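*Asks:* Quick one: the structure is below, questions incoming.
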Amino acid sequence: MILSGSYAQEQENGRPLGHTNQNKFRQMKDLLATPNESRTASGAPGYAYTQQKVDYIMDIRLDEVNNQIFGEEKITYHNNSKDHLEYLWVQLDQNMRAKNSKTPDINTEIFNAAFNGPQSFTSSNLKDRFDGGFNIEYVKNDDGSNLSHTINQTMMRINLPKPLAPDAEFKFQIKWWYNINDINVDGGRSGLETFPDGNNNYTIAQFYPRLCVYDNVEGWQNMQFWGRSEFALEFGDFEVKITVPADHILEATGDLQNPKDVLTKEQQKRFNEAKKSFQDPVFIVTQEEAEQAEKGRTTKTKTWHFKANQVRDFAFASSRKYIWDAMAVNINGREVMAISLYPKEGNPLWEEHSTRVVANTLEEYSKLTFDYPYSKAVSVHSERQGMEYPMICFNHGRPNPDGTYDERTKRGMIGVITHEVGHNFFPMIVNSDERQWTWMDEGLNSFVETLAELDYDPNFFTGNLPKDIVPYMGGDQSYISPIMSHGDYVHQFGPNAYTKPAAGLYMLRQTIMGPELFDYAFRTYSQRWMFKHPTPADFFRTMEDASAMDLDWFWRGWFYTTDYTDIGVKEVKQYYLTDKPTEKAMKLAELYNMNLDAFKDKLVYYAEAENGIVPSDAKKVEDFAFLKAYLESLSDQERSKLLKAPKHFYQVTYEKPGGLVMPIIVELTYEDGTKERKMYPAQIWRYNENEVTKVYKTNKAITSIVIDPDLETADVDTSNNSWPKKIEESEFDKFKDKVRG
Ligand SMILES: [Zn+2]
């Protein structure tokens with residue numbers, strides 16, 4: 001092969017081609033797992049893909065007097081893999097609250113005299129630890145014999161009597177109970193809140209021993225639960241009976257099987273009305289009725305019976321304080337219920353917004369992913385929580401005691417409901433491994449949440465746009481980790497796992513790929529991995545596979561490093577028409593022996609401006625003696641065409657102090673006030689990562705050049721984004737002006 005001219009040119013610039021093997025556009029072969037028959041190179045599940053299935057039948061009892069929960073659980077484990085399993089791993093999440101839990105031990109402590117006065121020191125630091133761990137009463141085989149098991153903190157290994165063969169199933173039973181934690185005292189994603197009237201709001205989750213995921217990526221995903229990084233769970237079918245005080249209202253994952261046993265005739269009638277109401281929520285329990293109920297205390301119980309198929313988890317909420325409303329949502333011709341439960345303390349905010357936000361979320365997410373496949377989504381009021389489970393989630397947003405609330409509370413409530421209902425899609429259905437890759441559910445979900453919120457209210461402050469991540473990305477590098485980090489081990493968890501991936505996806509959609517290519521690829525990913533277990537590589541690969549865009553540079557920079565964007569205008573050289581050719585121009589004219597043909601290349605017409613922009617006048621072209629003859633040789637048409645040729649040339653040097661490669665978005669403003677946008681793909685940096693030049697030919701003088709005028713690329717330093725340099729008035733200058741003025 002003969003090397004082409006471009007090679008010579010690159011050599012001349014001192015940048016041999018070989019550099020491209022090490023540059024920021026190199027493919028991610030070194031970072032991604034080798035594709036195989038389970039996970040293809042296109043990012044889809046392969047023909048040999050399998051996943052385990054775990055079915056649960058549970059009897060649960062809530063003891064309101066002692067705040068304890070009891071359960072008997074029958075588990076059927078289906079081994080769909082081709083492997084023989086010697087043991088099963090079960091998650092005991094509540095053991096994070098056990099007296100001997102190591103979770104508090106891994107937190108560093110500092111004695112702070114200002115905060116740890118005698119009072120707070122005795123009340124919190126010296127207080128007995130709350131004992132909220134699991135009490136396992138038995139683990140039994142299907143035949144009633146005891147099963148050998150070993151508990152290691154939040155994980156329990158069930159030692160199988162003989163290895164479980166491929167395609168075989170194993171049935172076993174666990175009986176357990178634990179003390180329910182008060183969320184306001186001990187924190188938690190599950191627990192109770194006690195109101196001044198003595199009533200409790202129970203929002204109960206990860207309350208039963210749950211099987212770990214077994215797959216060909218991790219083997220058993222049995223990383224301990226330290227309290228932050230969430231869960232990895234298999235899909236299965238649930239049949240759950242929950243016994244609670246008879247005056248409680250209860251909602252849970254799944255479809256209620258016995259409405260006649262637990263609802264009044266009036267409540268059933270109202271619920272059927274709600275199923276036909278697509279505009280407004282219908283009350284099933286009104287505030288008046290809820291206020292009446294919260295005054296009573298029955299000792300009788302009722303058992304609520306739910307079934308849910310193809311869910312990865314089960315949660316419920318129960319209280320006698322609940323107001324209950326619901327409306328129908330049309331998901332591509334199918335009716336889905338949007339439902340809310342909240343005490344009077346949530347009003348008037350909750351009756352105005354909760355169920356409507358649930359409905360909007362299901363509609364918006366369905367557009368961007370797949371039709372919401374479950375029958376309902378429930379939003380339950382809680383003072384502090386924001387936590388998601390299949391078909392049900394717990395959300396904060398409480399007005400002041402007099403019912404007033406500020407914009408921030410309202411915005412926070414709309415935001416958290418959208419986010420938690422959105423988690424039905426990621427990770428409840430697109431079932432990624434939360435324990436290891438927080439961004440795969442939180443990042444993707446926060447991104448779709450942003451689009452849904454902007455749909456609910458175009459002026460909504462989402463906090464997830466590229467400009468919102470600038471303070472984090474431009475901050476102290478010793479407190480920043482790549483997105484591709486385990487959630488338990490990063491500083492600034494929120495920006496790392498929520499905002500940065502969300503802002504990155506927003507940037508991909510709006511700026512780098514465009515909505516058409518992005519949406520198709522994102523929907524492809526969602527549908528490929530619906531009810532399956534995707535890994536990061538499956539996401540990265542699908543987004544490229546479905547769009548014909550090589551995005552390895554983006555994943556590599558945004559997800560695997562802590563580099564940031566910073567692009568600036570380094571230098572602007574101006575060239576203009578003149579009637580007094582510069583010395584250089586005269587020399588060139590001489591060199592070409594005033595060969596008029598050479599002027600077609602405009603080598604001589606343009607002189608470099610020394611001071612600012614010198615407006616040119618097309619008529620002056622005719623004053624050139626040597627041009628005159630040339631112009632006279634042209635036809636009228638040819639001449640007028642020539643005179644319309646660009647009169648200004650600008651050579652602009654863009655610099656990139658930031659480590660990330662990014663598209664350069666440029667806004668040119670002309671002397672007549674008109675503006676023009678240009679966008680150069682990130683690949684413009686492929687030969688030289690530090691600076692690149694572009695030339696603009698124009699009839700009108702350029703008065704300013706601004707990079708990334710709409711703050712689309714998370715550029716951390718905008719002080720170099722403008723030419724001429726914008727003098728930004730300092731706060732002190734503004735202050736001085738005020739004093740003077
Ligand atoms: Zn979340």
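We name chains A, B, ... following the order of the structure tokens; residues begin at 1 in each chain, and ligands are numbered from 1 as shown.
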For region 349-363 of chain A, find every residue with an atom within 6 Å (counting only C-alpha atoms), except residues of its own chain fewer than 2 positions away, and show them as an MDAnalysis selection string.

*Replies:* chainID A and resid 329 338:340 346:347 365:366 418

*Asks:* Write the selection just made, keeping N, CA and C atoms, as an mmCIF file, in the first residue's frame?

*Replies:*
data_model
loop_
_atom_site.group_PDB
_atom_site.id
_atom_site.type_symbol
_atom_site.label_atom_id
_atom_site.label_comp_id
_atom_site.auth_asym_id
_atom_site.auth_seq_id
_atom_site.Cartn_x
_atom_site.Cartn_y
_atom_site.Cartn_z
ATOM 1 N N VAL A 329 -55.007 4.848 33.526
ATOM 2 C CA VAL A 329 -54.065 5.392 32.538
ATOM 3 C C VAL A 329 -54.159 4.508 31.299
ATOM 4 N N ALA A 338 -53.252 4.067 38.224
ATOM 5 C CA ALA A 338 -52.336 4.921 38.980
ATOM 6 C C ALA A 338 -52.993 5.166 40.331
ATOM 7 N N ILE A 339 -52.274 4.886 41.413
ATOM 8 C CA ILE A 339 -52.890 4.835 42.745
ATOM 9 C C ILE A 339 -52.024 5.576 43.762
ATOM 10 N N SER A 340 -52.672 6.243 44.741
ATOM 11 C CA SER A 340 -51.913 6.856 45.834
ATOM 12 C C SER A 340 -52.548 6.544 47.181
ATOM 13 N N GLY A 346 -50.427 14.603 54.320
ATOM 14 C CA GLY A 346 -49.876 14.813 52.977
ATOM 15 C C GLY A 346 -50.655 15.827 52.166
ATOM 16 N N ASN A 347 -51.838 16.172 52.633
ATOM 17 C CA ASN A 347 -52.695 17.087 51.870
ATOM 18 C C ASN A 347 -52.441 18.549 52.193
ATOM 19 N N TYR A 365 -42.623 7.239 30.395
ATOM 20 C CA TYR A 365 -41.634 6.153 30.368
ATOM 21 C C TYR A 365 -42.009 5.118 29.304
ATOM 22 N N SER A 366 -43.319 4.856 29.171
ATOM 23 C CA SER A 366 -43.735 3.857 28.175
ATOM 24 C C SER A 366 -43.331 4.304 26.777
ATOM 25 N N THR A 418 -41.987 10.798 40.396
ATOM 26 C CA THR A 418 -41.603 10.445 39.027
ATOM 27 C C THR A 418 -40.441 9.454 39.057
#

*Asks:* Name all residues at most 9 Å from Leu451 (chain A) (count only C-alpha atoms; drop same-chain ones fewer than 4 positions away) and give them as a PyMOL selection string.

*Replies:* chain A and resi 364-365+446-447+455-456+462+506

*Asks:* Could I get the residue neighbourhood of ligand 1 at 8 Å, counting only C-alpha atoms and all ligand atoms, as a PyMOL selection string?

*Replies:* chain A and resi 386-388+419-420+423+441-442+445-446+498

*Asks:* How would the residues just chosen look if you wrote them out with N, CA and C atoms as a CSV table (one decimal), in the first residue's frame?

*Replies:*
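Listing of again-v2.csv after writing:
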chain,number,residue,atom,x,y,z
A,386,GLY,N,-37.7,7.7,49.8
A,386,GLY,CA,-37.9,7.7,48.3
A,386,GLY,C,-37.3,6.4,47.9
A,387,MET,N,-38.2,5.4,47.8
A,387,MET,CA,-37.7,4.1,47.6
A,387,MET,C,-38.7,3.3,46.7
A,388,GLU,N,-38.2,2.4,45.9
A,388,GLU,CA,-38.9,1.8,44.8
A,388,GLU,C,-39.0,0.3,44.9
A,419,HIS,N,-39.5,9.8,39.9
A,419,HIS,CA,-38.3,8.9,40.0
A,419,HIS,C,-38.6,7.5,40.4
A,420,GLU,N,-39.3,7.4,41.5
A,420,GLU,CA,-39.6,6.1,42.1
A,420,GLU,C,-40.5,5.3,41.3
A,423,HIS,N,-38.7,3.8,38.5
A,423,HIS,CA,-37.8,2.6,38.8
A,423,HIS,C,-38.5,1.3,38.4
A,441,ASP,N,-29.4,1.5,37.1
A,441,ASP,CA,-30.8,1.8,37.3
A,441,ASP,C,-30.9,3.3,37.7
A,442,GLU,N,-30.1,3.8,38.6
A,442,GLU,CA,-30.3,5.2,39.0
A,442,GLU,C,-30.0,6.2,37.9
A,445,ASN,N,-32.6,5.8,35.0
A,445,ASN,CA,-33.9,6.2,35.6
A,445,ASN,C,-33.9,7.7,35.7
A,446,SER,N,-32.9,8.3,36.3
A,446,SER,CA,-32.8,9.8,36.4
A,446,SER,C,-32.9,10.5,35.1
A,498,TYR,N,-26.1,9.1,39.9
A,498,TYR,CA,-27.4,9.6,39.4
A,498,TYR,C,-27.2,10.7,38.4

*Asks:* Restricting the calculation to only C-alpha atoms, which member of A:Lys162, A:Lys74, A:Arg320, A:Lys500 is positioned closest to Phe238 (chain A)?

*Replies:*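 For Phe238 (chain A), the nearest of the candidates is A:Lys74.
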
*Asks:* Tell me, as a PyMOL selection string, which residues lie within 9 Å of region 393-403 of chain A, counting only C-alpha atoms; anything in the same chain fewer than 2 positions away does not count.

*Replies:* chain A and resi 189+203+315-317+345-350+377-391+405-406+409-414+416-417+420-421+423

*Asks:* In Å, rounded to a single decimal, give me how far CA of Val716 (chain A) is from CA of Gly568 (chain A).

*Replies:* 10.7 Å

*Asks:* Output as a Markdown table one row per residue of region 678-704 of chain A within 12 Å of region 24-43 of chain A: the closest atom pair and its distance in Å to one decimal place, counting only C-alpha atoms, sorted by chain and residue number ascending.

*Replies:*
| residue | atom | partner | partner_atom | distance |
| --- | --- | --- | --- | --- |
| A:Ala682 | CA | A:Phe25 | CA | 9.3 |
| A:Gln683 | CA | A:Phe25 | CA | 7.8 |
| A:Ile684 | CA | A:Phe25 | CA | 10.9 |
| A:Trp685 | CA | A:Lys24 | CA | 8.9 |
| A:Arg686 | CA | A:Phe25 | CA | 7.1 |
| A:Tyr687 | CA | A:Lys24 | CA | 10.1 |
| A:Asn688 | CA | A:Lys24 | CA | 10.6 |
| A:Glu689 | CA | A:Lys24 | CA | 8.6 |

*Asks:* Where does DSSP see strand (DSSP E) in region 55-141 of chain A, if you list the residues as a VMD selection string?

*Replies:* chain A and resid 55 to 63 68 to 78 85 to 91 135 to 141

*Asks:* Could you save those same residues with N, CA and C atoms as an mmCIF file, in the first residue's frame?

*Replies:*
data_model
loop_
_atom_site.group_PDB
_atom_site.id
_atom_site.type_symbol
_atom_site.label_atom_id
_atom_site.label_comp_id
_atom_site.auth_asym_id
_atom_site.auth_seq_id
_atom_site.Cartn_x
_atom_site.Cartn_y
_atom_site.Cartn_z
ATOM 1 N N ASP A 55 -39.858 -18.586 42.850
ATOM 2 C CA ASP A 55 -41.259 -18.314 43.220
ATOM 3 C C ASP A 55 -41.408 -18.343 44.734
ATOM 4 N N TYR A 56 -42.264 -17.440 45.231
ATOM 5 C CA TYR A 56 -42.447 -17.333 46.684
ATOM 6 C C TYR A 56 -43.935 -17.453 47.031
ATOM 7 N N ILE A 57 -44.238 -18.234 48.043
ATOM 8 C CA ILE A 57 -45.578 -18.225 48.653
ATOM 9 C C ILE A 57 -45.359 -17.834 50.110
ATOM 10 N N MET A 58 -45.988 -16.730 50.542
ATOM 11 C CA MET A 58 -45.674 -16.227 51.886
ATOM 12 C C MET A 58 -46.940 -15.916 52.681
ATOM 13 N N ASP A 59 -46.860 -16.178 53.974
ATOM 14 C CA ASP A 59 -47.873 -15.734 54.935
ATOM 15 C C ASP A 59 -47.186 -14.750 55.863
ATOM 16 N N ILE A 60 -47.692 -13.514 55.882
ATOM 17 C CA ILE A 60 -47.042 -12.453 56.643
ATOM 18 C C ILE A 60 -48.027 -11.936 57.696
ATOM 19 N N ARG A 61 -47.516 -11.639 58.893
ATOM 20 C CA ARG A 61 -48.372 -11.040 59.921
ATOM 21 C C ARG A 61 -47.681 -9.822 60.500
ATOM 22 N N LEU A 62 -48.421 -8.717 60.547
ATOM 23 C CA LEU A 62 -47.890 -7.473 61.101
ATOM 24 C C LEU A 62 -48.473 -7.284 62.496
ATOM 25 N N ASP A 63 -47.604 -7.203 63.491
ATOM 26 C CA ASP A 63 -48.038 -6.991 64.872
ATOM 27 C C ASP A 63 -47.869 -5.518 65.195
ATOM 28 N N GLN A 68 -43.645 -5.719 65.258
ATOM 29 C CA GLN A 68 -42.873 -6.857 64.767
ATOM 30 C C GLN A 68 -43.563 -7.414 63.533
ATOM 31 N N ILE A 69 -42.777 -8.078 62.713
ATOM 32 C CA ILE A 69 -43.343 -8.690 61.517
ATOM 33 C C ILE A 69 -42.900 -10.145 61.472
ATOM 34 N N PHE A 70 -43.842 -11.029 61.144
ATOM 35 C CA PHE A 70 -43.612 -12.470 61.146
ATOM 36 C C PHE A 70 -43.890 -13.031 59.758
ATOM 37 N N GLY A 71 -43.094 -14.017 59.354
ATOM 38 C CA GLY A 71 -43.329 -14.581 58.034
ATOM 39 C C GLY A 71 -43.011 -16.052 57.927
ATOM 40 N N GLU A 72 -43.831 -16.752 57.132
ATOM 41 C CA GLU A 72 -43.527 -18.119 56.730
ATOM 42 C C GLU A 72 -43.489 -18.118 55.220
ATOM 43 N N GLU A 73 -42.441 -18.704 54.693
ATOM 44 C CA GLU A 73 -42.116 -18.493 53.288
ATOM 45 C C GLU A 73 -41.788 -19.826 52.633
ATOM 46 N N LYS A 74 -42.484 -20.112 51.521
ATOM 47 C CA LYS A 74 -42.158 -21.319 50.753
ATOM 48 C C LYS A 74 -41.522 -20.866 49.449
ATOM 49 N N ILE A 75 -40.325 -21.346 49.194
ATOM 50 C CA ILE A 75 -39.570 -20.888 48.026
ATOM 51 C C ILE A 75 -39.379 -22.052 47.062
ATOM 52 N N THR A 76 -39.642 -21.787 45.781
ATOM 53 C CA THR A 76 -39.311 -22.779 44.746
ATOM 54 C C THR A 76 -38.234 -22.174 43.859
ATOM 55 N N TYR A 77 -37.055 -22.806 43.851
ATOM 56 C CA TYR A 77 -35.927 -22.299 43.079
ATOM 57 C C TYR A 77 -35.776 -23.119 41.804
ATOM 58 N N HIS A 78 -35.903 -22.451 40.650
ATOM 59 C CA HIS A 78 -35.774 -23.139 39.355
ATOM 60 C C HIS A 78 -34.369 -22.906 38.813
ATOM 61 N N LEU A 85 -25.535 -26.768 41.018
ATOM 62 C CA LEU A 85 -25.338 -25.844 42.139
ATOM 63 C C LEU A 85 -25.225 -26.615 43.447
ATOM 64 N N GLU A 86 -24.110 -26.411 44.182
ATOM 65 C CA GLU A 86 -23.920 -27.100 45.471
ATOM 66 C C GLU A 86 -24.694 -26.405 46.580
ATOM 67 N N TYR A 87 -24.951 -25.121 46.394
ATOM 68 C CA TYR A 87 -25.618 -24.339 47.445
ATOM 69 C C TYR A 87 -26.391 -23.190 46.816
ATOM 70 N N LEU A 88 -27.271 -22.599 47.610
ATOM 71 C CA LEU A 88 -28.010 -21.410 47.189
ATOM 72 C C LEU A 88 -27.646 -20.287 48.156
ATOM 73 N N TRP A 89 -27.605 -19.067 47.664
ATOM 74 C CA TRP A 89 -27.371 -17.914 48.554
ATOM 75 C C TRP A 89 -28.642 -17.092 48.686
ATOM 76 N N VAL A 90 -28.963 -16.749 49.932
ATOM 77 C CA VAL A 90 -30.182 -16.001 50.246
ATOM 78 C C VAL A 90 -29.783 -14.685 50.915
ATOM 79 N N GLN A 91 -30.442 -13.595 50.546
ATOM 80 C CA GLN A 91 -30.125 -12.287 51.126
ATOM 81 C C GLN A 91 -30.959 -12.057 52.385
ATOM 82 N N ASN A 135 -34.649 -12.923 62.845
ATOM 83 C CA ASN A 135 -34.616 -14.103 63.700
ATOM 84 C C ASN A 135 -35.119 -15.258 62.835
ATOM 85 N N ILE A 136 -34.202 -16.126 62.441
ATOM 86 C CA ILE A 136 -34.574 -17.247 61.566
ATOM 87 C C ILE A 136 -35.014 -18.405 62.459
ATOM 88 N N GLU A 137 -36.289 -18.758 62.398
ATOM 89 C CA GLU A 137 -36.784 -19.831 63.270
ATOM 90 C C GLU A 137 -36.490 -21.205 62.698
ATOM 91 N N TYR A 138 -36.616 -21.320 61.389
ATOM 92 C CA TYR A 138 -36.166 -22.574 60.770
ATOM 93 C C TYR A 138 -35.910 -22.373 59.284
ATOM 94 N N VAL A 139 -35.087 -23.260 58.746
ATOM 95 C CA VAL A 139 -34.913 -23.401 57.295
ATOM 96 C C VAL A 139 -35.127 -24.882 57.023
ATOM 97 N N LYS A 140 -36.207 -25.202 56.304
ATOM 98 C CA LYS A 140 -36.578 -26.610 56.153
ATOM 99 C C LYS A 140 -36.644 -27.018 54.694
ATOM 100 N N ASN A 141 -36.321 -28.259 54.481
ATOM 101 C CA ASN A 141 -36.511 -28.881 53.182
ATOM 102 C C ASN A 141 -38.012 -29.088 52.947
#
